[in-house]
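Student: my_file.tsv is reproduced below (TSV, C-alpha atoms).
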```tsv
chain	number	residue	atom	x	y	z
A	1	MET	CA	121.18	86.57	55.05
A	2	MET	CA	123.00	84.77	57.86
A	3	ASN	CA	124.82	87.98	58.67
A	4	ALA	CA	121.50	89.87	58.96
A	5	LEU	CA	120.21	87.39	61.55
A	6	ASP	CA	123.41	87.28	63.57
A	7	PRO	CA	122.53	88.67	67.04
A	8	HIS	CA	125.94	90.26	67.45
A	9	ALA	CA	125.56	92.11	64.14
A	10	VAL	CA	122.09	93.32	65.17
A	11	LEU	CA	123.48	94.45	68.53
A	12	ASP	CA	126.33	96.31	66.83
A	13	LYS	CA	123.86	98.07	64.54
A	14	ALA	CA	121.70	99.06	67.52
A	15	VAL	CA	124.77	100.42	69.34
A	16	GLU	CA	125.79	102.41	66.27
A	17	ALA	CA	122.26	103.80	65.84
A	18	THR	CA	121.93	104.93	69.49
A	19	PRO	CA	122.80	108.65	69.83
A	20	ALA	CA	126.01	109.15	71.84
A	21	PRO	CA	124.46	111.13	74.79
A	22	LEU	CA	121.69	108.50	75.24
A	23	ALA	CA	124.23	105.65	75.02
A	24	ARG	CA	126.33	107.31	77.74
A	25	ARG	CA	123.25	107.61	79.98
A	26	ILE	CA	122.13	103.98	79.45
A	27	ARG	CA	125.62	102.60	79.99
A	28	GLY	CA	125.54	104.01	83.52
A	29	LEU	CA	122.31	102.19	84.44
A	30	SER	CA	122.14	98.88	86.28
A	31	ASP	CA	120.12	95.91	84.95
A	32	ARG	CA	117.54	96.57	87.67
A	33	ALA	CA	117.19	100.20	86.61
A	34	ILE	CA	116.75	99.21	82.97
A	35	ALA	CA	114.10	96.66	83.99
A	36	TRP	CA	112.25	99.40	85.89
A	37	LEU	CA	112.59	101.66	82.85
A	38	PHE	CA	110.82	99.06	80.70
A	39	ILE	CA	107.93	98.42	83.09
A	40	ALA	CA	107.49	102.07	84.10
A	41	PRO	CA	105.01	102.92	81.26
A	42	THR	CA	102.78	99.96	82.22
A	43	ILE	CA	102.90	100.90	85.91
A	44	ALA	CA	102.10	104.52	85.05
A	45	LEU	CA	99.13	103.38	82.93
A	46	LEU	CA	97.87	101.07	85.70
A	47	LEU	CA	98.17	103.86	88.26
A	48	ALA	CA	96.28	106.25	85.98
A	49	ILE	CA	93.40	103.99	84.94
A	50	ASN	CA	93.06	101.59	87.91
A	51	ILE	CA	94.59	102.81	91.14
A	52	PHE	CA	93.80	106.52	90.87
A	53	PRO	CA	90.05	106.00	90.11
A	54	LEU	CA	89.87	103.48	92.96
A	55	LEU	CA	91.43	105.90	95.44
A	56	TRP	CA	89.23	108.72	94.11
A	57	THR	CA	86.11	106.54	94.52
A	58	ILE	CA	87.11	105.73	98.12
A	59	ARG	CA	87.52	109.47	98.76
A	60	LEU	CA	84.15	110.31	97.14
A	61	SER	CA	82.39	107.60	99.17
A	62	PHE	CA	82.95	109.70	102.31
A	63	THR	CA	81.43	112.86	100.78
A	64	ASN	CA	78.03	114.13	99.58
A	65	PHE	CA	79.42	114.92	96.08
A	66	ARG	CA	76.96	114.88	93.17
A	67	ALA	CA	78.48	114.73	89.68
A	68	ASN	CA	75.61	116.76	88.16
A	69	ARG	CA	76.39	119.65	90.55
A	70	PRO	CA	80.16	120.04	90.19
A	71	ASN	CA	80.17	123.57	91.60
A	72	ALA	CA	78.22	122.76	94.78
A	73	THR	CA	80.12	122.64	98.07
A	74	VAL	CA	81.37	119.13	98.84
A	75	ALA	CA	81.14	118.14	102.51
A	76	GLY	CA	82.51	115.08	104.29
A	77	VAL	CA	79.77	112.82	105.64
A	78	GLY	CA	81.93	110.18	107.34
A	79	ILE	CA	80.54	106.66	106.94
A	80	ASP	CA	76.95	107.86	106.36
A	81	ASN	CA	76.94	106.68	102.72
A	82	TYR	CA	78.05	103.19	103.79
A	83	VAL	CA	75.37	103.11	106.50
A	84	SER	CA	72.75	104.19	103.92
A	85	VAL	CA	73.80	101.53	101.40
A	86	LEU	CA	73.92	98.79	104.04
A	87	THR	CA	70.51	99.63	105.55
A	88	ASP	CA	68.66	100.40	102.31
A	89	PRO	CA	65.93	97.76	101.66
A	90	ASP	CA	66.05	98.55	97.90
A	91	VAL	CA	69.76	97.73	97.70
A	92	TRP	CA	69.12	94.62	99.79
A	93	ALA	CA	66.41	93.61	97.27
A	94	ALA	CA	68.92	94.13	94.44
A	95	MET	CA	71.37	91.88	96.30
A	96	GLN	CA	68.69	89.20	96.57
A	97	ALA	CA	67.98	89.47	92.82
A	98	THR	CA	71.74	89.06	92.29
A	99	ALA	CA	71.78	86.06	94.66
A	100	HIS	CA	68.89	84.41	92.74
A	101	PHE	CA	70.70	85.03	89.45
A	102	LEU	CA	74.02	83.75	90.86
A	103	PHE	CA	72.59	80.60	92.44
A	104	TRP	CA	70.68	79.37	89.40
A	105	THR	CA	73.25	80.33	86.76
A	106	ILE	CA	76.08	78.64	88.67
A	107	LEU	CA	74.00	75.53	89.39
A	108	LEU	CA	72.78	75.12	85.81
A	109	GLN	CA	76.11	76.01	84.19
A	110	THR	CA	78.06	73.62	86.42
A	111	MET	CA	75.67	70.70	85.87
A	112	LEU	CA	75.31	71.22	82.12
A	113	GLY	CA	78.99	72.13	81.64
A	114	PHE	CA	80.23	69.04	83.48
A	115	THR	CA	77.77	66.77	81.65
A	116	LEU	CA	78.87	68.16	78.27
A	117	ALA	CA	82.55	67.82	79.21
A	118	TYR	CA	81.95	64.21	80.31
A	119	LEU	CA	80.29	63.43	76.97
A	120	ILE	CA	82.96	65.23	74.89
A	121	ASP	CA	85.67	63.39	76.85
A	122	ARG	CA	84.27	60.07	75.50
A	123	ARG	CA	85.93	61.10	72.21
A	124	PHE	CA	83.06	59.95	69.99
A	125	ARG	CA	83.08	60.39	66.20
A	126	GLY	CA	82.99	64.10	65.34
A	127	HIS	CA	83.64	65.29	68.93
A	128	GLY	CA	85.98	68.02	67.64
A	129	PHE	CA	83.25	69.50	65.45
A	130	TRP	CA	80.68	69.43	68.27
A	131	THR	CA	83.15	71.02	70.70
A	132	THR	CA	83.54	73.95	68.27
A	133	VAL	CA	79.76	74.25	67.82
A	134	ILE	CA	79.20	74.24	71.61
A	135	LEU	CA	81.86	76.95	72.09
A	136	ILE	CA	80.23	79.45	69.68
A	137	PRO	CA	77.94	81.26	72.22
A	138	MET	CA	80.93	82.00	74.46
A	139	MET	CA	82.70	83.81	71.62
A	140	LEU	CA	79.87	86.29	71.01
A	141	SER	CA	79.77	89.78	72.48
A	142	PRO	CA	77.35	90.17	75.45
A	143	ALA	CA	75.84	93.19	73.66
A	144	VAL	CA	75.02	91.05	70.61
A	145	VAL	CA	73.68	88.25	72.80
A	146	GLY	CA	71.46	90.69	74.75
A	147	ASN	CA	70.02	92.15	71.56
A	148	PHE	CA	69.31	88.94	69.70
A	149	TRP	CA	67.78	87.20	72.74
A	150	ALA	CA	65.50	90.25	73.09
A	151	PHE	CA	64.23	89.32	69.59
A	152	LEU	CA	64.04	85.61	70.42
A	153	TYR	CA	61.91	86.41	73.49
A	154	GLN	CA	59.37	88.53	71.52
A	155	PRO	CA	55.94	86.98	72.23
A	156	GLN	CA	54.62	87.62	68.68
A	157	ILE	CA	57.60	86.83	66.44
A	158	GLY	CA	60.17	85.30	68.82
A	159	LEU	CA	61.48	81.80	68.16
A	160	PHE	CA	61.73	80.97	71.88
A	161	ASN	CA	57.99	81.24	72.48
A	162	TYR	CA	57.30	79.07	69.39
A	163	VAL	CA	59.69	76.36	70.58
A	164	VAL	CA	58.07	76.34	74.06
A	165	SER	CA	54.65	76.29	72.39
A	166	PHE	CA	55.70	73.37	70.14
A	167	PHE	CA	56.70	71.21	73.12
A	168	SER	CA	54.08	72.32	75.68
A	169	GLY	CA	51.04	73.22	73.61
A	170	ILE	CA	50.75	76.66	75.28
A	171	PRO	CA	49.88	79.40	72.71
A	172	PRO	CA	53.11	81.34	71.91
A	173	SER	CA	51.61	84.79	72.48
A	174	SER	CA	50.08	83.80	75.86
A	175	PHE	CA	53.29	84.43	77.82
A	176	GLU	CA	56.02	87.04	77.78
A	177	MET	CA	59.48	86.14	79.07
A	178	ILE	CA	60.88	89.68	79.44
A	179	GLY	CA	57.62	91.45	80.37
A	180	SER	CA	56.44	89.03	83.06
A	181	VAL	CA	57.41	89.58	86.71
A	182	LYS	CA	57.62	85.81	87.29
A	183	LEU	CA	59.46	84.88	84.08
A	184	ALA	CA	61.86	87.83	83.63
A	185	PRO	CA	64.41	86.60	86.25
A	186	TRP	CA	64.43	83.23	84.45
A	187	SER	CA	64.89	84.89	81.07
A	188	ILE	CA	68.28	86.33	82.10
A	189	ILE	CA	69.27	83.03	83.74
A	190	ILE	CA	68.51	81.13	80.50
A	191	VAL	CA	70.58	83.55	78.39
A	192	ASP	CA	73.57	83.55	80.75
A	193	THR	CA	73.47	79.76	80.98
A	194	TRP	CA	73.29	79.47	77.18
A	195	MET	CA	76.25	81.81	76.81
A	196	TRP	CA	78.59	80.61	79.56
A	197	THR	CA	77.99	76.84	79.90
A	198	PRO	CA	80.64	76.25	77.17
A	199	TYR	CA	83.22	78.04	79.33
A	200	VAL	CA	82.45	75.79	82.33
A	201	MET	CA	82.57	72.82	79.95
A	202	LEU	CA	86.08	73.80	78.80
A	203	ILE	CA	87.42	74.00	82.37
A	204	CYS	CA	85.76	70.69	83.33
A	205	LEU	CA	87.16	69.10	80.16
A	206	ALA	CA	90.66	70.22	81.20
A	207	GLY	CA	90.04	68.59	84.60
A	208	LEU	CA	88.80	65.33	83.06
A	209	ARG	CA	91.72	65.19	80.59
A	210	SER	CA	94.20	65.65	83.48
A	211	ILE	CA	93.14	62.35	85.12
A	212	PRO	CA	95.75	59.70	84.21
A	213	ASN	CA	94.42	56.61	82.41
A	214	TYR	CA	96.30	54.17	84.66
A	215	ILE	CA	93.95	55.02	87.55
A	216	TYR	CA	90.97	53.84	85.49
A	217	GLU	CA	92.97	50.77	84.39
A	218	ALA	CA	93.67	49.91	88.04
A	219	ALA	CA	89.96	50.37	88.81
A	220	GLU	CA	89.09	48.04	85.89
A	221	VAL	CA	91.45	45.40	87.32
A	222	ASP	CA	89.64	45.75	90.68
A	223	ARG	CA	86.35	45.27	88.79
A	224	ALA	CA	85.01	48.68	89.83
A	225	SER	CA	81.78	49.54	87.99
A	226	ARG	CA	81.50	52.64	85.76
A	227	TRP	CA	79.30	54.24	88.42
A	228	ARG	CA	81.87	53.55	91.15
A	229	GLN	CA	84.69	54.87	88.93
A	230	PHE	CA	82.74	58.08	88.37
A	231	TRP	CA	82.10	58.72	92.08
A	232	SER	CA	85.51	57.55	93.37
A	233	ILE	CA	87.87	58.76	90.62
A	234	THR	CA	86.34	61.15	88.06
A	235	LEU	CA	84.39	63.48	90.34
A	236	PRO	CA	86.97	63.87	93.18
A	237	MET	CA	89.82	64.46	90.69
A	238	ALA	CA	87.85	66.94	88.59
A	239	LEU	CA	86.48	68.75	91.67
A	240	PRO	CA	89.26	71.42	91.96
A	241	PHE	CA	88.58	72.38	88.33
A	242	ILE	CA	84.81	72.52	88.95
A	243	MET	CA	85.46	74.74	92.00
A	244	LEU	CA	87.58	77.01	89.81
A	245	ALA	CA	84.77	77.32	87.25
A	246	VAL	CA	82.20	77.99	90.01
A	247	LEU	CA	84.34	80.74	91.54
A	248	PHE	CA	85.10	82.37	88.20
A	249	ARG	CA	81.45	82.36	87.11
A	250	GLY	CA	80.46	83.59	90.60
A	251	ILE	CA	82.78	86.60	90.35
A	252	GLU	CA	81.76	87.37	86.75
A	253	ASN	CA	78.02	87.07	87.42
A	254	PHE	CA	78.25	89.14	90.59
A	255	LYS	CA	79.43	91.98	88.32
A	256	MET	CA	76.97	91.15	85.49
A	257	PHE	CA	75.74	94.30	83.78
A	258	ASP	CA	75.87	94.51	79.95
A	259	MET	CA	73.75	91.55	78.90
A	260	VAL	CA	71.02	92.13	81.53
A	261	ASN	CA	70.96	95.87	80.86
A	262	LEU	CA	70.35	95.24	77.15
A	263	LEU	CA	67.84	92.46	77.70
A	264	THR	CA	65.59	93.76	80.49
A	265	SER	CA	67.20	97.00	81.82
A	266	GLY	CA	66.37	95.70	85.29
A	267	GLY	CA	62.62	95.42	84.58
A	268	PRO	CA	59.77	94.77	84.78
A	269	GLY	CA	59.75	97.00	87.88
A	270	SER	CA	62.93	95.96	89.61
A	271	THR	CA	62.63	92.17	89.32
A	272	THR	CA	65.85	91.78	87.32
A	273	GLU	CA	67.61	94.77	88.81
A	274	LEU	CA	70.97	93.26	89.75
A	275	ALA	CA	73.41	95.10	92.04
A	276	SER	CA	75.38	96.56	89.11
A	277	ILE	CA	72.21	97.95	87.49
A	278	THR	CA	71.11	99.54	90.80
A	279	LEU	CA	74.59	101.06	91.04
A	280	LYS	CA	74.31	102.51	87.53
A	281	ARG	CA	70.88	104.01	88.36
A	282	GLU	CA	72.14	105.56	91.60
A	283	ALA	CA	75.25	106.98	89.90
A	284	PHE	CA	73.97	108.15	86.52
A	285	GLU	CA	70.18	108.55	86.86
A	286	LYS	CA	69.82	109.83	90.44
A	287	TRP	CA	73.33	111.36	90.43
A	288	ARG	CA	74.06	110.33	94.04
A	289	THR	CA	77.79	110.06	93.36
A	290	GLY	CA	78.97	109.79	97.00
A	291	TYR	CA	76.34	107.16	97.80
A	292	SER	CA	77.05	105.16	94.63
A	293	SER	CA	80.81	105.35	95.32
A	294	ALA	CA	80.20	103.72	98.72
A	295	PHE	CA	78.02	101.11	96.98
A	296	ALA	CA	80.80	100.49	94.42
A	297	ILE	CA	83.33	99.99	97.22
A	298	VAL	CA	81.01	97.44	98.91
A	299	LEU	CA	80.81	95.51	95.61
A	300	PHE	CA	84.56	95.89	95.04
A	301	VAL	CA	85.47	94.47	98.47
A	302	THR	CA	83.15	91.51	97.87
A	303	VAL	CA	84.66	90.76	94.45
A	304	PHE	CA	88.18	91.28	95.84
A	305	GLY	CA	87.49	88.81	98.66
A	306	LEU	CA	86.11	86.25	96.20
A	307	ALA	CA	89.10	86.83	93.90
A	308	ASN	CA	91.44	85.95	96.79
A	309	ILE	CA	89.66	82.62	97.21
A	310	TYR	CA	89.80	82.14	93.43
A	311	VAL	CA	93.57	82.67	93.32
A	312	LYS	CA	94.00	80.23	96.22
A	313	ALA	CA	91.92	77.60	94.36
A	314	LEU	CA	93.91	78.29	91.19
A	315	ASN	CA	97.21	77.69	93.01
A	316	ARG	CA	95.87	74.43	94.42
A	317	VAL	CA	94.99	73.25	90.90
A	318	LYS	CA	98.40	74.39	89.60
A	319	ASN	CA	100.25	72.47	92.33
A	320	ARG	CA	98.37	69.23	91.65
B	1	MET	CA	131.56	82.45	111.22
B	2	SER	CA	132.80	78.94	112.00
B	3	SER	CA	131.37	75.93	110.14
B	4	ASP	CA	129.74	74.43	113.26
B	5	MET	CA	127.58	77.49	113.88
B	6	GLN	CA	123.90	76.91	113.04
B	7	PRO	CA	121.62	79.66	111.69
B	8	VAL	CA	119.17	80.95	114.32
B	9	GLN	CA	115.78	79.29	113.74
B	10	ARG	CA	112.95	81.66	114.52
B	11	HIS	CA	110.09	79.85	116.19
B	12	TRP	CA	106.76	80.43	114.46
B	13	PRO	CA	103.64	79.19	116.34
B	14	SER	CA	102.19	76.15	114.59
B	15	SER	CA	98.66	77.52	115.02
B	16	LEU	CA	99.65	80.56	112.94
B	17	ARG	CA	100.82	78.64	109.89
B	18	ARG	CA	99.69	79.97	106.52
B	19	GLY	CA	97.48	77.05	105.46
B	20	PRO	CA	94.99	76.99	108.38
B	21	MET	CA	94.99	80.78	108.70
B	22	GLU	CA	94.20	81.21	104.99
B	23	MET	CA	91.42	78.69	105.39
B	24	ALA	CA	90.01	80.69	108.33
B	25	ALA	CA	90.20	83.95	106.32
B	26	THR	CA	88.50	82.23	103.36
B	27	ALA	CA	85.71	81.09	105.69
B	28	VAL	CA	85.22	84.65	107.00
B	29	ILE	CA	85.02	86.00	103.40
B	30	ALA	CA	82.53	83.27	102.44
B	31	ILE	CA	80.38	84.05	105.51
B	32	GLY	CA	80.48	87.78	104.60
B	33	VAL	CA	79.36	87.08	101.02
B	34	LEU	CA	76.56	84.79	102.25
B	35	MET	CA	75.43	87.51	104.70
B	36	LEU	CA	75.37	90.01	101.80
B	37	LEU	CA	73.25	87.81	99.56
B	38	GLN	CA	70.88	86.15	102.07
B	39	PRO	CA	67.17	87.15	102.03
B	40	PHE	CA	66.37	86.55	105.74
B	41	SER	CA	67.76	89.36	107.92
B	42	LEU	CA	68.51	93.01	107.20
B	43	THR	CA	70.86	93.07	110.23
B	44	LEU	CA	73.01	90.31	108.73
B	45	TYR	CA	73.06	92.25	105.45
B	46	THR	CA	74.15	95.41	107.30
B	47	TRP	CA	77.13	93.64	108.90
B	48	SER	CA	78.12	91.72	105.76
B	49	PHE	CA	80.47	94.41	104.43
B	50	VAL	CA	82.47	94.62	107.67
B	51	THR	CA	82.74	90.81	107.75
B	52	THR	CA	83.94	90.56	104.13
B	53	LEU	CA	86.37	93.45	104.63
B	54	ALA	CA	87.79	91.82	107.79
B	55	GLY	CA	88.14	88.47	105.98
B	56	THR	CA	89.88	90.08	103.01
B	57	ALA	CA	92.28	92.05	105.23
B	58	LEU	CA	92.99	88.90	107.26
B	59	PHE	CA	93.64	86.94	104.05
B	60	MET	CA	96.12	89.56	102.82
B	61	VAL	CA	98.00	89.48	106.14
B	62	VAL	CA	98.08	85.70	106.68
B	63	SER	CA	99.11	84.94	103.08
B	64	LYS	CA	102.53	86.37	104.09
B	65	PHE	CA	102.87	83.89	107.00
B	66	PRO	CA	105.33	80.98	106.63
B	67	ASP	CA	104.02	77.49	105.72
```
Would you kindly transcribe this structure into structure tokens?
Tutor:
Amino acid sequence: MMNALDPHAVLDKAVEATPAPLARRIRGLSDRAIAWLFIAPTIALLLAINIFPLLWTIRLSFTNFRANRPNATVAGVGIDNYVSVLTDPDVWAAMQATAHFLFWTILLQTMLGFTLAYLIDRRFRGHGFWTTVILIPMMLSPAVVGNFWAFLYQPQIGLFNYVVSFFSGIPPSSFEMIGSVKLAPWSIIIVDTWMWTPYVMLICLAGLRSIPNYIYEAAEVDRASRWRQFWSITLPMALPFIMLAVLFRGIENFKMFDMVNLLTSGGPGSTTELASITLKREAFEKWRTGYSSAFAIVLFVTVFGLANIYVKALNRVKNR
Amino acid sequence: MSSDMQPVQRHWPSSLRRGPMEMAATAVIAIGVLMLLQPFSLTLYTWSFVTTLAGTALFMVVSKFPD
């Protein structure tokens, strides 16, 4: 048994099993070359599924290509597609719908997430069980969440309307969350907040747990009140983690597609039509491939810029 | 090379240090994103992409600057 686990014995067996021509070839390679040999398949895969489509999209964004007319002549249109996207009032409206969604989801998730983390950090009896319960929505698939909230929002049989009716006295079938122009934007905000507040809570909890106890002990010696300790110690020291959560949720919600597409499909009208849903409609319903490629590049540059800030914030937290 | 020879220290302008320049690039990106998402002016929306692109390019360049 010992002999089977001996690394030298394993190495000898591997050497014996390697065909002589291959062994001769490998023996001539440097460590650097072997390292490249190992990462080459991953790089090839990344090039094929990430870099090539990105470069192809950039190329298409300067043409009038339509994917439903593959045999039509493709002509270069310069930056016309970008000018169209950036002067189109409909796309601007979609950006505003995205901004409304981003603002409220980030605000609610940060406030609720931090409050939950603060409570969980008190380490009350059964806090482990409640942490697990709170984390459940985050573990579900967005497709499942979109479908079951569509049922919950049903005005006739949905549980949501009955709960609102129970607390407010409004008849449950008198309002429609998904079908109403005023309520539909809030319906997607509620679902996203329900799903992703646990994630923000986890990051905030990590921030709160990283604060050393001796700082609080020193504050106790100085007779600082709980309120003062919160504003002078807890909040400033947890702030980099809160910023990290805000940035991550900002990037994710800027790209939000699946849950909203299943829940409202951008409706009623275009009240919940976020940028990603407008992009899908332009690309796969109107088949304006060149135009939608330019739109995709605009979104990509925005997310890439935000990701740079995110990485910077992440490094700051890491160096703390 | 004798032991008393010092390595040549390249002078890098203090105003071009990585920290402040990254902060400036971050501000440009943030302004670009705000211009993209604001509901007040179509002109600001039109120029948002160029602003974000410039900020991102600036960030990529200045992140290679020395501290």
Student: If the cut-off is 12 Å, can you tell me the residues of chain A near chain B, counting all atoms listed in the file? I'd like them as JSON, numbers by chain.
Tutor: {"A": [82, 83, 84, 85, 86, 87, 88, 89, 90, 91, 92, 93, 94, 95, 96, 97, 98, 99, 100, 101, 102, 103, 247, 250, 251, 254, 274, 275, 294, 295, 296, 297, 298, 299, 300, 301, 302, 303, 304, 305, 306, 307, 308, 309, 310, 311, 312, 313, 316]}
Student: For Leu183 of chain A, which of A:Gly169, A:Pro7, A:Gly267, A:Gly128 is the closest residue, counting only C-alpha atoms?
Tutor: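 Distance minimum relative to Leu183 of chain A lands on A:Gly267.
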Student: Under the rule of at most 10 Å, produce a per-residue listing of segment 84-185 of chain A near segment 209-225 of chain A: chain, number, name, the closest pair of atoms, and the distance in Å, as CSV, using all atoms listed in the file.
Tutor:
```
residue,atom,partner,partner_atom,distance
A:Ala117,CA,A:Arg209,CA,9.6
A:Tyr118,CA,A:Arg209,CA,9.8
A:Asp121,CA,A:Arg209,CA,7.3
```
Student: Provide the atom CA of Phe62 of chain A to atom CA of Gly78 of chain A distance in Å, to one decimal place.
Tutor: 5.2 Å
Student: So the first atom is atom CA of Arg59 of chain A and the second is atom CA of Ser293 of chain A; what is the distance between them in Å, to one decimal place?
Tutor: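 One can read the atom CA of Arg59 of chain A to atom CA of Ser293 of chain A distance as 8.6 Å.
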Student: Rounded to one decimal in Å, what is the spacing between atom CA of Leu239 of chain A and atom CA of Trp196 of chain A?
Tutor: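 Pair atom CA of Leu239 of chain A / atom CA of Trp196 of chain A returns 18.7 Å.
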Student: Which of these residues is nearest to Tyr199 of chain A, using all atoms listed in the file: A:Ser270, A:Thr110, A:Asn71, A:Thr57?
Tutor: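 Using all atoms listed in the file, the shortest distance to Tyr199 of chain A belongs to A:Thr110.
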Student: Could you list, as a tab-separated table (two decimals) with C-alpha atoms, in the frame of the given file, every residue within 9 Å of segment 141-156 of chain A, counting all atoms listed in the file and ignoring same-chain residues fewer than 2 positions away?
Tutor:
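Final output, result-v4.tsv:
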```tsv
chain	number	residue	atom	x	y	z
A	137	PRO	CA	77.94	81.26	72.22
A	138	MET	CA	80.93	82.00	74.46
A	139	MET	CA	82.70	83.81	71.62
A	158	GLY	CA	60.17	85.30	68.82
A	159	LEU	CA	61.48	81.80	68.16
A	160	PHE	CA	61.73	80.97	71.88
A	161	ASN	CA	57.99	81.24	72.48
A	162	TYR	CA	57.30	79.07	69.39
A	172	PRO	CA	53.11	81.34	71.91
A	173	SER	CA	51.61	84.79	72.48
A	174	SER	CA	50.08	83.80	75.86
A	175	PHE	CA	53.29	84.43	77.82
A	176	GLU	CA	56.02	87.04	77.78
A	177	MET	CA	59.48	86.14	79.07
A	178	ILE	CA	60.88	89.68	79.44
A	187	SER	CA	64.89	84.89	81.07
A	191	VAL	CA	70.58	83.55	78.39
A	195	MET	CA	76.25	81.81	76.81
A	258	ASP	CA	75.87	94.51	79.95
A	259	MET	CA	73.75	91.55	78.90
A	260	VAL	CA	71.02	92.13	81.53
A	261	ASN	CA	70.96	95.87	80.86
A	262	LEU	CA	70.35	95.24	77.15
A	263	LEU	CA	67.84	92.46	77.70
A	264	THR	CA	65.59	93.76	80.49
```
Student: Give me the residues within 9 Å of Gly19 of chain B as an mmCIF file with C-alpha atoms, keeping the file's coordinate frame, counting all atoms listed in the file and dropping any in the same chain fewer than 5 places off.
Tutor:
```
data_model
loop_
_atom_site.group_PDB
_atom_site.id
_atom_site.type_symbol
_atom_site.label_atom_id
_atom_site.label_comp_id
_atom_site.auth_asym_id
_atom_site.auth_seq_id
_atom_site.Cartn_x
_atom_site.Cartn_y
_atom_site.Cartn_z
ATOM 1 C CA ALA B 24 90.010 80.690 108.330
ATOM 2 C CA VAL B 62 98.080 85.700 106.680
ATOM 3 C CA SER B 63 99.110 84.940 103.080
ATOM 4 C CA PHE B 65 102.870 83.890 107.000
ATOM 5 C CA PRO B 66 105.330 80.980 106.630
ATOM 6 C CA ASP B 67 104.020 77.490 105.720
#
```
Student: In the coordinates of the file, take the point (84.3, 111.7, 97.4) and a cut-off of 9 Å; then, counting only C-alpha atoms, name each qualifying protein, DNA or RNA residue as a PyMOL selection string.
Tutor: chain A and resi 56-65+74-76+289-290+293
Student: Find the residues around Leu208 of chain A up to 7 Å (all atoms listed in the file counted), leave out those fewer than 3 positions away in its own chain, and share them as a PyMOL selection string.
Tutor: chain A and resi 204-205+211+234+238
